[in-house]
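Visitor: Input: one structure, supplied below.
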Amino acid sequence: MDQYKEEISRVLAPLVLLEQSRVAELLEEPPEPEMGDLAFPCYILASRRKQSPVKVAAELAQSLSGKRGVYWEKAMAQGPYLNFYFDPVVFNQDLLRRIFAEGEDYGKSNRGRGGTVVIDYSSPNICKPFGIGHIRSTVIGHALYLILEAQGYRCIGVNHLGDWGTQFGKMIVAYRRWGDDQQLKEDPVNYLYRLYVRFHREAESEPALEEEARLWFKRLEEGQPEAVDYWKLFRQLSLENYEQIYDLLGIKFDYYHGESHYNDLLDDVIRLVQEKGVATESDGALIVDLEKYGLPPAMLRKKDGATLYLTRDLAAAQYRYNTFNFVKALYVVGAEQKLHFQQMVKILELLGFPWARDCIHIPFGLIRFKEGRMSTREGNMILLEEVLQRSIRLAREIIEEKNPGLKDKESAARAVGLGAVRFGDLSNDRVKDIEFDWDKVLDFTGETAVYIQYAHARICSILRRAGATELTWHDDAADFLTCEEEKKMIKTLAAFPGKIAASAESYRPSILARYLIEVARDFNRFYHSCPVLVDDPELRQARLLLISAVRQVLKNGLALLGIVAPEEM
């Protein structure tokens, strides 16, 4: 759309006495197709001209009467707007030529100019199974990684593991008392979690366990070999389990920098806040008073000398800036941690770091299941792996029913099942709580990943039947794409780069996800009204080229959400 805005703003600028760049900023897409393709709002000129915006629009339309450009064919006033209508053939040629030329790169841009964005996401707690509570951080963070990368940023994915704290003292005590090496080997993470739950149950009647756990964590902090060996074992076994789930989801991290990674930096943080006069002693604890900024006091060190999660996050922020020189540092963490990040950013500002404003909390709501608990372990935790495997199993059953002759049902079931879980999250505005409903997320006709994937597979099937799996665009084809459904389809495809940009700017993958539903819906309407495999060879070729462009956009868009676009299902 940039070249269209550039030409129109160049024509309008001398008429409205505004800078060309300002005119381009003001141009907007009308809400309805009959209102044109781009509109200039005339409110901004009304006071200066001492005329109503309706009259201003009418006079501008009169000035452009009978004129046209390379990309637009007419300008008409409608109320307070001057509406520009594109030349449909030129627009179709230009857009479809671009999609075919750019292929998998269509939609990408260089807006980020190589600037580094550090994204902190997923972050499960060591020694605990990967629960469903981490699915939102994991898939939202990964989608933002892919979307921002498509905008030209250099993305760094950090898994900030919960791998430090007093819980490790508890785990060591529990394993020394009740642990079994064979059970640990057979099912490490679930077994460790059961020991963790047992510790809390036993501690209710034996309070001395808590003190024993504190002593073991103190030994760990001091680097005593036996404690460190236990910690390394528990961490490694947990990571191996998490990697299986990440591999299933197709997610990789650049760094697994957990809380323990920043232990050696904590003394520097404490020294800095004291030197800067940011923190003060209060009953033996180190406190930052933030009340004048509308925030409660923040504790950085307890009176027993122990540091807190906030202390480690301050150390992590400084480490990430010093190491990666980021332009943005995103924290994809639940909305309940809003206060924590407000305090962190404010303390970084008080320490004089100008990049503090670039540390951004990306909050999200809770996820619930309509049917309640799916399955439980001790501690009543819903396991993410069980959710994923169940989704794959349900997808396999649906594919078996709808397409029993499909050769590779297993690959299709994985693509559909995993896509359903991802999209069931990403299609919702991240700040809202979501209710996960199996009947909805695996609905072939609803606003789901499978609906989009099926549209993609259907197009692939049509192209195979036509023997047109490899097509080359030619401009003459645009002359035949004149019906309303075809024009609407092409206009929708043109919006793809803008939707990616909007998702990146607002950190909302839901914008892209909802757009892909629109693409699939417009394709189904087009396909219902405009048969592709018609007898007319030129019309047939033009429509094959159009649906091939639709296929490319669906594939590109799903890829940015981390979802596979199967060619058969």
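Just so we're on the same page: first chain in the structure tokens is A, next is B, and so on; residues restart at 1 for each chain, and ligands are numbered from 1 in the order they show up.
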Could you pull the residues within 9 Å of Gln389 (chain A), counting only C-alpha atoms, minus those fewer than 4 positions along the same chain, as JSON, numbers by chain?

Guide: {"A": [384, 385, 393, 394, 414, 417, 418]}

Visitor: Just want the 9 Å neighbourhood of Val139 (chain A), counted on only C-alpha atoms, with same-chain residues fewer than 6 positions away dropped. Output as a ChimeraX atom specification.

Guide: /A:121-122,249,251,422-423,425-426,561-562

Visitor: In Å, with one decimal, what is the gap from CA of Leu286 (chain A) to CA of Lys302 (chain A)?

Guide: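 Between these atoms lies a distance of 6.6 Å.
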
Visitor: Got a sec to tell me which of region 335-546 of chain A DSSP assigns to alpha helix (DSSP H), as number ranges by chain?

Guide: A: 338-350, 384-402, 409-426, 438-441, 449-465, 484-494, 496-506, 509-529, 537-546

Visitor: Find the residues around region 255-269 of chain A up to 7 Å (only C-alpha atoms counted), leave out those fewer than 6 positions away in its own chain, and share them as a list in words.

Guide: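 The filter keeps Gly157, Val158, Asn159, His160, Leu161, Gly162, Asp163, Trp164, Thr311, Arg312, Ala315 and Ala316 of chain A.
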
Visitor: Would you return as number ranges by chain the members of region 122-254 of chain A that DSSP assigns to strand (DSSP E or B) on this structure's backbone?

Guide: A: 125, 131, 154-158, 162

Visitor: Residues at most 6 Å from region 433-435 of chain A, counting only C-alpha atoms, excluding those fewer than 5 positions away in the same chain, as a list of chain:residue names?

Guide: A:Gly365, A:Leu366, A:Ile367, A:Arg368, A:Phe369

Visitor: Which neighbours of Ser282 (chain A) fall inside 12 Å, counting only C-alpha atoms, when residues of the same chain fewer than 2 positions from it are skipped, and could you give them as a list in words?

Guide: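 Contacts, with the query itself left out: Ala279, Thr280, Gly284, Ala285, Leu286, Ile287, Val288, Asp289, Pro297, Ala298, Met299, Leu300, Arg301, Lys302 and Lys303 of chain A.
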
Visitor: Restricting the calculation to only C-alpha atoms, which member of A:Leu192, A:Ala13, A:Leu481, A:Leu310 is positioned closest to Lys170 (chain A)?

Guide: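 Once distances to Lys170 (chain A) are computed over only C-alpha atoms, the minimum belongs to A:Leu192.
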
Visitor: Could you state the separation of CA of Ile511 (chain A) and CA of Val450 (chain A) in Å, given to one decimal place?

Guide: 17.6 Å

Visitor: Using only C-alpha atoms, can you tell me which of A:Leu554, A:Ala501, A:Ala542, A:Ala227 comes closest to Phe523 (chain A)?

Guide: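 Nearest to Phe523 (chain A): A:Leu554.
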
Visitor: Got a sec: who's within 8 Å of region 475-480 of chain A, counting only C-alpha atoms, leaving out chain neighbours fewer than 6 positions off, as a list in words?

Guide: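 Listing them by chain and then by number gives Val89, Val90, Asn92, Gln93, Arg97, Glu538, Leu539, Gln541, Ala542 and Leu545 of chain A.
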
Visitor: For Tyr319 (chain A), which residue out of A:Cys127, A:Val333, A:Ile245, A:Val118 is the nearest one, using only C-alpha atoms?

Guide: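 Comparing A:Cys127, A:Val333, A:Ile245, A:Val118 against Tyr319 (chain A), the winner is A:Val118.
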
Visitor: Given the choices A:Lys432, A:Tyr175, A:Glu567, A:Leu330, which gets closest to Tyr191 (chain A) if the distance is worked out from only C-alpha atoms?

Guide: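 For Tyr191 (chain A), the nearest of the given residues is A:Tyr175.
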
Visitor: Pick out the residues sitting within 9 Å of region 469-472 of chain A, and hand them over as a list of chain:residue names; count only C-alpha atoms, and ignore anything fewer than 2 positions along from it in its own chain.

Guide: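 These residues fall inside the cut-off: A:Phe100, A:Ala101, A:Cys460, A:Leu463, A:Arg464, A:Arg465, A:Ala466, A:Gly467, A:His474, A:Leu544, A:Leu545, A:Ser548.
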
Visitor: Those residues with C-alpha atoms, as a PDB file, in the first residue's frame please?

Guide:
```pdb
ATOM      1  CA  PHE A 100       4.435 -14.421  -6.405  1.00  0.00           C
ATOM      2  CA  ALA A 101       7.781 -12.608  -6.445  1.00  0.00           C
ATOM      3  CA  CYS A 460      -3.499 -27.402  -2.498  1.00  0.00           C
ATOM      4  CA  LEU A 463      -3.947 -26.980  -7.599  1.00  0.00           C
ATOM      5  CA  ARG A 464      -2.988 -30.669  -7.697  1.00  0.00           C
ATOM      6  CA  ARG A 465      -6.148 -31.589  -9.636  1.00  0.00           C
ATOM      7  CA  ALA A 466      -5.409 -28.799 -12.099  1.00  0.00           C
ATOM      8  CA  GLY A 467      -1.796 -29.915 -12.477  1.00  0.00           C
ATOM      9  CA  HIS A 474       1.666 -12.993 -15.588  1.00  0.00           C
ATOM     10  CA  LEU A 544      -5.603 -20.673 -10.198  1.00  0.00           C
ATOM     11  CA  LEU A 545      -3.089 -17.870  -9.803  1.00  0.00           C
ATOM     12  CA  SER A 548      -2.221 -19.871  -5.223  1.00  0.00           C
TER      13      SER A 548
END
```

Visitor: So which one's closest to Glu410 (chain A), A:Gln453, A:Leu516, A:Tyr331, A:Glu568? Using only C-alpha atoms, please.

Guide: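 Once distances to Glu410 (chain A) are computed over only C-alpha atoms, the minimum belongs to A:Glu568.
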